[in-house]
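Dumped run-v3.cif below, it's mmCIF, C-alpha atoms:
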data_start
#
loop_
_atom_site.label_atom_id
_atom_site.label_comp_id
_atom_site.auth_asym_id
_atom_site.auth_seq_id
_atom_site.Cartn_x
_atom_site.Cartn_y
_atom_site.Cartn_z
CA MET J 271 134.85 98.03 122.94
CA GLY J 272 134.05 98.80 126.55
CA PHE J 273 131.25 101.12 125.45
CA THR J 274 129.66 98.38 123.33
CA ARG J 275 129.68 96.05 126.33
CA VAL J 276 127.77 98.70 128.28
CA LEU J 277 125.28 98.98 125.41
CA ARG J 278 124.74 95.23 125.36
CA GLY J 279 124.02 95.41 129.08
CA ALA J 280 121.43 98.09 128.29
CA GLY J 281 119.68 95.75 125.88
CA LEU J 282 121.05 96.85 122.48
CA GLN J 283 121.91 94.17 119.93
CA CYS J 284 125.62 94.95 119.44
CA GLY J 285 126.97 91.88 117.66
CA PRO J 286 130.51 91.61 116.24
CA ASP J 287 129.50 92.98 112.84
CA ARG J 288 127.91 96.08 114.33
CA VAL J 289 130.95 96.64 116.55
CA GLN J 290 133.25 96.45 113.53
CA ALA J 291 131.01 98.86 111.63
CA TYR J 292 131.13 101.23 114.62
CA LEU J 293 134.93 101.17 114.75
CA ARG J 294 135.17 101.87 111.01
CA ALA J 295 132.63 104.70 111.28
CA THR J 296 134.72 106.50 113.93
CA ALA J 297 137.22 107.33 111.16
CA HIS J 298 134.55 109.51 109.53
CA VAL J 299 132.45 110.97 112.38
CA ASP J 300 132.77 111.46 116.14
CA LEU J 301 132.17 108.69 118.65
CA TYR J 302 128.60 109.63 119.46
CA TRP J 303 127.28 109.74 115.89
CA ALA J 304 129.34 106.73 114.81
CA GLY J 305 127.69 104.63 117.51
CA ARG J 306 124.22 106.04 116.98
CA LEU J 307 124.40 105.20 113.27
CA THR J 308 125.77 101.68 113.57
CA LEU J 309 124.77 100.35 117.01
CA CYS J 310 121.12 101.48 117.20
CA ALA J 311 118.70 99.32 115.25
CA ASP J 312 115.37 100.72 116.45
CA PRO J 313 113.99 104.10 117.62
CA ASP J 314 113.52 102.55 121.08
CA ASP J 315 117.30 102.10 121.24
CA LEU J 316 118.02 105.84 121.14
CA PRO J 317 117.13 106.76 124.78
CA ARG J 318 119.11 103.77 126.06
CA TYR J 319 122.02 104.67 123.82
CA ASP J 320 122.09 108.26 125.12
CA ALA J 321 121.92 107.09 128.74
CA ALA J 322 124.77 104.63 128.18
CA TYR J 323 126.82 107.34 126.43
CA ARG J 324 126.40 109.71 129.38
CA ALA J 325 127.30 106.99 131.86
CA TYR J 326 130.39 105.80 129.99
CA PHE J 327 131.87 108.97 128.50
CA GLY J 328 130.33 111.60 130.79
CA GLY J 329 128.85 114.88 129.65
CA THR J 330 125.80 115.46 127.50
CA PRO J 331 125.34 113.79 124.08
CA PRO J 332 125.48 116.26 121.19
CA ARG J 333 122.16 117.49 119.88
CA PRO J 334 120.96 117.51 116.25
CA ARG J 335 121.71 120.62 114.21
CA GLY J 336 118.28 122.13 113.48
CA THR J 337 115.97 119.56 111.93
CA ILE J 338 118.78 117.65 110.25
CA GLU J 339 120.49 115.12 112.45
CA LEU J 340 123.01 113.61 110.07
CA ASP J 341 125.42 115.18 107.64
CA SER J 342 126.11 113.67 104.22
CA VAL J 343 129.24 111.82 105.37
CA SER J 344 127.53 110.05 108.27
CA VAL J 345 124.49 109.19 106.15
CA GLY J 346 126.79 107.67 103.56
CA VAL J 347 128.59 105.56 106.16
CA ALA J 348 125.30 104.26 107.58
CA ALA J 349 123.83 103.48 104.16
CA SER J 350 126.97 101.66 103.12
CA GLU J 351 127.04 99.50 106.24
CA VAL J 352 123.35 98.59 105.93
CA GLU J 353 123.80 97.66 102.27
CA VAL J 354 126.68 95.32 103.15
CA LEU J 355 124.61 93.64 105.87
CA ARG J 356 121.62 93.20 103.54
CA HIS J 357 123.71 90.96 101.29
CA LYS J 358 125.62 89.17 104.05
CA ASP J 359 124.75 85.59 105.02
CA ILE J 360 122.25 85.76 107.90
CA SER J 361 124.02 82.85 109.61
CA GLU J 362 127.04 85.11 110.21
CA PHE J 363 125.46 88.03 112.11
CA ASN J 364 122.39 89.11 114.05
CA ALA J 365 119.99 89.97 111.23
CA ALA J 366 116.98 90.57 113.52
CA PRO J 367 116.95 94.41 113.19
CA LEU J 368 117.02 94.26 109.38
CA ILE J 369 114.43 91.48 109.20
CA ALA J 370 112.12 93.51 111.46
CA ARG J 371 112.17 96.32 108.87
CA LEU J 372 110.86 94.16 106.03
CA LYS J 373 107.49 95.20 104.58
CA PRO J 374 105.69 92.08 103.33
CA LEU J 375 102.71 92.40 101.00
CA PRO J 376 100.33 89.47 100.51
CA PRO J 377 99.82 87.61 97.25
CA ARG J 378 96.53 88.56 95.65
CA ARG J 379 93.81 86.62 93.89
CA ARG J 380 90.55 87.47 92.17
CA SER J 381 87.51 87.12 94.40
CA ARG J 382 84.06 86.01 93.26
CA ARG J 383 82.47 89.16 94.60
CA LEU J 384 81.92 91.94 92.06
CA ARG J 385 82.58 95.58 92.87
CA LYS J 386 82.13 98.97 91.24
CA ALA J 387 84.66 99.88 88.56
CA ARG J 388 85.33 102.57 85.99
CA ARG J 389 85.81 100.01 83.24
CA GLY J 390 84.77 96.46 82.56
CA PRO J 391 81.48 94.65 81.98
CA ILE J 392 78.34 96.79 82.31
CA ASP J 393 76.51 96.47 85.63
CA LEU J 394 72.97 96.33 84.25
CA ALA J 395 71.16 96.57 87.61
CA ARG J 396 73.06 99.70 88.72
CA THR J 397 72.68 101.26 85.28
CA VAL J 398 68.88 100.75 85.35
CA ARG J 399 68.65 102.15 88.90
CA ALA J 400 70.57 105.23 87.78
CA MET J 401 68.12 105.74 84.91
CA ILE J 402 65.13 105.43 87.25
CA GLU J 403 66.63 108.01 89.61
CA ILE J 404 66.72 110.59 86.80
CA GLY J 405 63.21 109.88 85.53
CA GLY J 406 63.99 107.27 82.93
CA GLU J 407 66.47 109.35 81.01
CA ILE J 408 69.52 107.67 79.51
CA ALA J 409 72.34 107.46 82.07
CA LEU J 410 75.98 106.70 81.69
CA PRO J 411 76.53 102.94 82.01
CA ARG J 412 77.83 101.61 85.33
CA HIS J 413 80.57 99.01 85.30
CA ARG J 414 81.68 96.23 87.58
CA ARG J 415 84.53 93.78 87.89
CA ARG J 416 85.73 91.07 90.21
CA GLY J 417 87.54 92.31 93.30
CA VAL J 418 90.81 91.03 94.70
CA LYS J 419 91.64 89.56 98.09
CA ALA J 420 94.71 88.19 99.84
CA ARG J 421 95.77 84.72 98.80
CA ARG J 422 96.68 82.32 101.60
CA LEU J 423 100.41 81.91 102.28
CA VAL J 424 102.06 78.88 103.90
CA LEU J 425 105.59 78.92 105.31
CA LEU J 426 107.26 75.55 106.00
CA ILE J 427 110.53 76.08 107.89
CA ASP J 428 113.14 73.33 108.22
CA VAL J 429 114.49 73.46 111.82
CA SER J 430 116.74 70.40 111.60
CA GLY J 431 120.38 70.39 112.66
CA SER J 432 121.68 71.26 109.19
CA MET J 433 119.51 74.42 109.21
CA ALA J 434 120.39 75.47 112.77
CA ALA J 435 122.38 78.53 111.61
CA TYR J 436 119.31 79.89 109.80
CA SER J 437 116.35 78.75 111.90
CA ASP J 438 116.20 81.73 114.26
CA ALA J 439 116.36 84.30 111.44
CA LEU J 440 113.74 82.43 109.40
CA LEU J 441 111.35 82.23 112.36
CA ARG J 442 111.82 85.98 112.84
CA PHE J 443 111.01 86.42 109.16
CA ALA J 444 107.86 84.32 109.65
CA HIS J 445 106.93 86.50 112.63
CA VAL J 446 107.13 89.64 110.48
CA VAL J 447 105.03 88.01 107.76
CA ALA J 448 102.46 86.76 110.29
CA HIS J 449 101.73 90.37 111.28
CA ALA J 450 101.30 91.54 107.69
CA MET J 451 99.02 88.97 106.04
CA PRO J 452 97.07 85.72 106.51
CA VAL J 453 99.71 83.01 106.87
CA GLU J 454 100.09 79.46 108.12
CA VAL J 455 103.51 78.65 109.64
CA ARG J 456 104.77 75.16 110.39
CA THR J 457 108.22 73.81 111.18
CA ILE J 458 109.54 70.57 109.79
CA GLY J 459 112.31 68.26 110.96
CA THR J 460 111.51 64.78 112.20
CA ARG J 461 107.92 65.96 112.73
CA LEU J 462 105.51 68.70 111.67
CA THR J 463 104.76 71.45 114.21
CA ARG J 464 102.26 74.30 113.85
CA VAL J 465 103.57 77.60 115.28
CA THR J 466 101.10 80.03 113.68
CA ARG J 467 99.44 80.95 116.96
CA GLN J 468 102.74 81.48 118.79
CA LEU J 469 104.04 83.82 116.09
CA ARG J 470 100.96 86.03 116.34
CA GLU J 471 102.38 87.35 119.63
CA ARG J 472 103.31 90.98 118.93
CA ASP J 473 106.69 90.98 120.70
CA PRO J 474 109.19 89.02 118.55
CA GLU J 475 111.25 87.72 121.48
CA ARG J 476 108.22 86.39 123.32
CA ALA J 477 106.89 84.92 120.07
CA LEU J 478 110.13 83.05 119.36
CA LYS J 479 110.36 81.74 122.91
CA ALA J 480 106.79 80.45 122.68
CA ALA J 481 107.54 78.81 119.34
CA GLY J 482 110.74 77.30 120.73
CA ARG J 483 108.82 75.67 123.57
CA THR J 484 106.44 74.13 121.02
CA ILE J 485 109.08 72.79 118.60
CA GLN J 486 110.24 69.48 120.06
CA ASP J 487 112.52 68.42 117.17
CA TYR J 488 114.60 71.61 117.00
CA GLU J 489 118.08 70.93 115.56
CA GLY J 490 117.25 67.25 115.17
CA GLY J 491 117.14 65.08 112.07
CA THR J 492 115.41 65.72 108.75
CA ARG J 493 112.48 63.71 107.42
CA LEU J 494 110.98 66.07 104.88
CA GLY J 495 108.89 63.43 103.15
CA GLU J 496 107.14 62.28 106.32
CA ALA J 497 106.59 65.86 107.51
CA LEU J 498 105.07 66.86 104.16
CA ARG J 499 102.84 63.78 104.19
CA ARG J 500 101.39 64.93 107.52
CA PHE J 501 101.02 68.45 106.13
CA ASN J 502 99.15 67.18 103.06
CA GLN J 503 96.86 65.13 105.30
CA GLN J 504 96.06 68.14 107.51
CA TRP J 505 96.00 71.05 105.04
CA ARG J 506 92.65 71.20 103.26
CA GLN J 507 92.75 74.61 101.60
CA ARG J 508 93.48 74.86 97.89
CA GLY J 509 95.21 77.63 95.99
CA ALA J 510 97.78 78.75 98.58
CA VAL J 511 101.31 79.94 97.88
CA VAL J 512 103.65 77.54 99.70
CA VAL J 513 107.22 78.51 100.61
CA LEU J 514 109.55 75.74 101.81
CA PHE J 515 112.71 76.84 103.62
CA SER J 516 115.19 73.97 103.60
CA ASP J 517 118.67 72.95 102.49
CA GLY J 518 117.28 69.69 101.11
CA TRP J 519 119.12 67.19 103.29
CA GLU J 520 116.73 64.26 103.56
CA ARG J 521 117.34 61.26 105.83
CA GLY J 522 114.12 59.58 104.83
CA ASP J 523 112.97 58.07 101.55
CA PRO J 524 113.50 60.52 98.63
CA THR J 525 110.70 58.79 96.72
CA LEU J 526 108.25 59.64 99.50
CA LEU J 527 109.43 63.26 99.39
CA ALA J 528 108.92 63.41 95.63
CA ASN J 529 105.41 61.97 95.91
CA GLU J 530 104.38 64.35 98.69
CA MET J 531 105.85 67.36 96.87
CA ALA J 532 103.85 66.41 93.78
CA ARG J 533 100.72 66.02 95.90
CA MET J 534 101.27 69.43 97.51
CA ARG J 535 101.91 71.05 94.14
CA ARG J 536 98.60 69.79 92.73
CA VAL J 537 96.57 71.71 95.33
CA SER J 538 98.80 74.80 95.58
CA HIS J 539 98.79 77.92 93.46
CA LYS J 540 102.60 78.05 93.56
CA VAL J 541 105.43 76.25 95.37
CA ILE J 542 108.63 78.17 96.11
CA TRP J 543 111.74 76.57 97.58
CA ALA J 544 114.01 78.97 99.51
CA ASN J 545 117.36 77.23 99.91
CA PRO J 546 120.04 79.12 101.90
CA HIS J 547 122.78 77.34 99.98
CA ALA J 548 121.40 78.30 96.58
CA GLY J 549 122.83 81.80 96.90
CA LYS J 550 126.40 80.63 97.48
CA PRO J 551 128.99 80.47 94.67
CA GLY J 552 129.36 77.04 93.09
CA TYR J 553 126.16 75.62 94.56
CA ARG J 554 124.73 72.63 92.72
CA PRO J 555 121.41 70.96 93.65
CA VAL J 556 122.81 67.49 94.34
CA GLN J 557 121.25 66.75 97.74
CA SER J 558 118.84 63.82 97.57
CA GLY J 559 115.94 65.88 98.86
CA VAL J 560 116.49 68.70 96.38
CA VAL J 561 116.84 66.31 93.45
CA ALA J 562 113.61 64.55 94.41
CA ALA J 563 111.64 67.75 94.96
CA LEU J 564 112.84 70.01 92.12
CA PRO J 565 110.46 68.64 89.44
CA HIS J 566 107.54 69.75 91.63
CA VAL J 567 108.84 73.23 92.53
CA ASP J 568 107.87 76.32 90.54
CA THR J 569 110.82 78.42 91.68
CA MET J 570 113.97 77.83 93.72
CA ILE J 571 115.58 80.96 95.13
CA ALA J 572 118.28 81.79 97.64
CA GLY J 573 117.28 82.24 101.26
CA HIS J 574 120.61 83.14 102.86
CA SER J 575 120.47 86.94 103.26
CA VAL J 576 118.10 89.80 104.00
CA HIS J 577 118.32 90.77 100.33
CA ALA J 578 117.30 87.21 99.38
CA LEU J 579 114.32 87.43 101.74
CA GLU J 580 113.33 90.70 100.07
CA GLU J 581 113.47 88.96 96.69
CA LEU J 582 111.38 86.13 98.12
CA LEU J 583 108.70 88.61 99.24
CA LYS J 584 108.60 90.01 95.70
CA GLU J 585 108.17 86.47 94.34
CA VAL J 586 105.35 85.84 96.81
CA ARG J 587 103.67 89.16 96.05
CA HIS J 588 103.53 88.44 92.31
CA ALA J 589 102.70 84.73 92.62
#

Do you think you could lay out the structure here as structure tokens?
Amino acid sequence: MGFTRVLRGAGLQCGPDRVQAYLRATAHVDLYWAGRLTLCADPDDLPRYDAAYRAYFGGTPPRPRGTIELDSVSVGVAASEVEVLRHKDISEFNAAPLIARLKPLPPRRRSRRLRKARRGPIDLARTVRAMIEIGGEIALPRHRRRGVKARRLVLLIDVSGSMAAYSDALLRFAHVVAHAMPVEVRTIGTRLTRVTRQLRERDPERALKAAGRTIQDYEGGTRLGEALRRFNQQWRQRGAVVVLFSDGWERGDPTLLANEMARMRRVSHKVIWANPHAGKPGYRPVQSGVVAALPHVDTMIAGHSVHALEELLKEVRHA
């Protein structure tokens, strides 16, 4: 426990769950490898971990054996711990290292521009040019088809008091997405706040601090209907995939929420609701906001774990 306090002082994210995993891992491997497997979340952590190990325990950290650092037992321990954390509720531990490892891929759509292809409609102009190049002889037909391009993605993140346990992790998720594809990110509570520019900052901690300074209604009330009305008034692009992160608690008029959800659905390619409570046993969509919005949602999925966020990315990719 004293060693983990030293690591936290060195800048490593050693939350209670990682400390427990470390203590369990020491039953299978020595102290050094147990800590390296469970307490280091990023390659940049390794030099700091080694320095803290030398300072606390003394001596020189053990070196890898040849080109293989981990034996089968230690690899199994690490894989098992990561798998447990992937399915654990992100409100119960520091999920930042796992969220940072996500690999988002953008939704795709057909573009109007045509490109070369092996199959498809014949490209008459290219076929004729090919014939001219060989003196008018018959040439193999050239083909063309419509290309694909990234479809716009919109993330609407509820930062009201009822979502306080999830807001930080979801903003970190938005930061990862913002560096992988074209995305528009706005927070909703008692107002609508655009944080797209702040989340384009490369460093996640600086990005979240900048976003936090911009969000004035953080952990306040919830007026989803009014926030979505402002979004519908401002957002002019059609055909986007919209993801709404919210638990559905609405303090405003549910009828307004239903109308604005219907309006948003008419101009969107797909609307996905990620509800952190939807992944919990016995959940029923009885909140006034959820009941009002569900008829205008294409898909409702869980949004409570890293695994759920991975499933959300798959849903977005294939939208």

Subject >> Length of the atom CA of Tyr436 of chain J to atom CA of Glu489 of chain J vector [Å] >> reply: 10.7 Å

**OP:** For segment 550-566 of chain J, please output as number ranges by chain all residues within 8 Å (counting all atoms listed in the file; exclusion window: fewer than 2 positions along the same chain).
**Re:** J: 494, 517-520, 524-525, 527-528, 531-532, 535, 541, 546-548, 568

**OP:** Enumerate, as number ranges by chain, the residues matched when the PyMOL selection byres ((chain J and resi 578) around 12) is run on the file above.
**Re:** J: 355-360, 369, 372, 440, 443, 544-550, 570-577, 579-585

Original post:
Residues picked by the PyMOL selection byres ((chain J and resi 464-479) around 12) here, as a VMD selection string?
Top reply: chain J and resid 366 to 367 369 to 370 423 to 427 437 to 458 461 to 463 480 to 486 497 500 to 501 504 to 505

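As for atom CA of Asp523 of chain J and atom CA of Gly491 of chain J, they are spaced 13.3 Å apart.
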
**OP:** Give the answer as one residue: which of J:Arg288, J:Arg294, J:Arg414, J:Lys373 has the shortest atom-to-atom distance to Thr308 of chain J, using all atoms listed in the file?
**Re:** J:Arg288

**OP:** Run the PyMOL selection byres ((chain J and resi 295) around 9) against the file shown and list the residues it catches, as a VMD selection string.
**Re:** chain J and resid 290 to 294 296 to 301 303 to 305 307 to 308 344 347 to 348

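With atom CA of Gln507 of chain J on one side and atom CA of Asn529 of chain J on the other, the separation reads 18.8 Å.
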
**OP:** Would you mind listing what lies within 10 Å of segment 318-333 of chain J as an MDAnalysis selection string, with all atoms listed in the file counted and same-chain residues fewer than 4 positions away left out?
**Re:** chainID J and resid 272:274 276:282 301:303 305:306 309:310 313:314 339
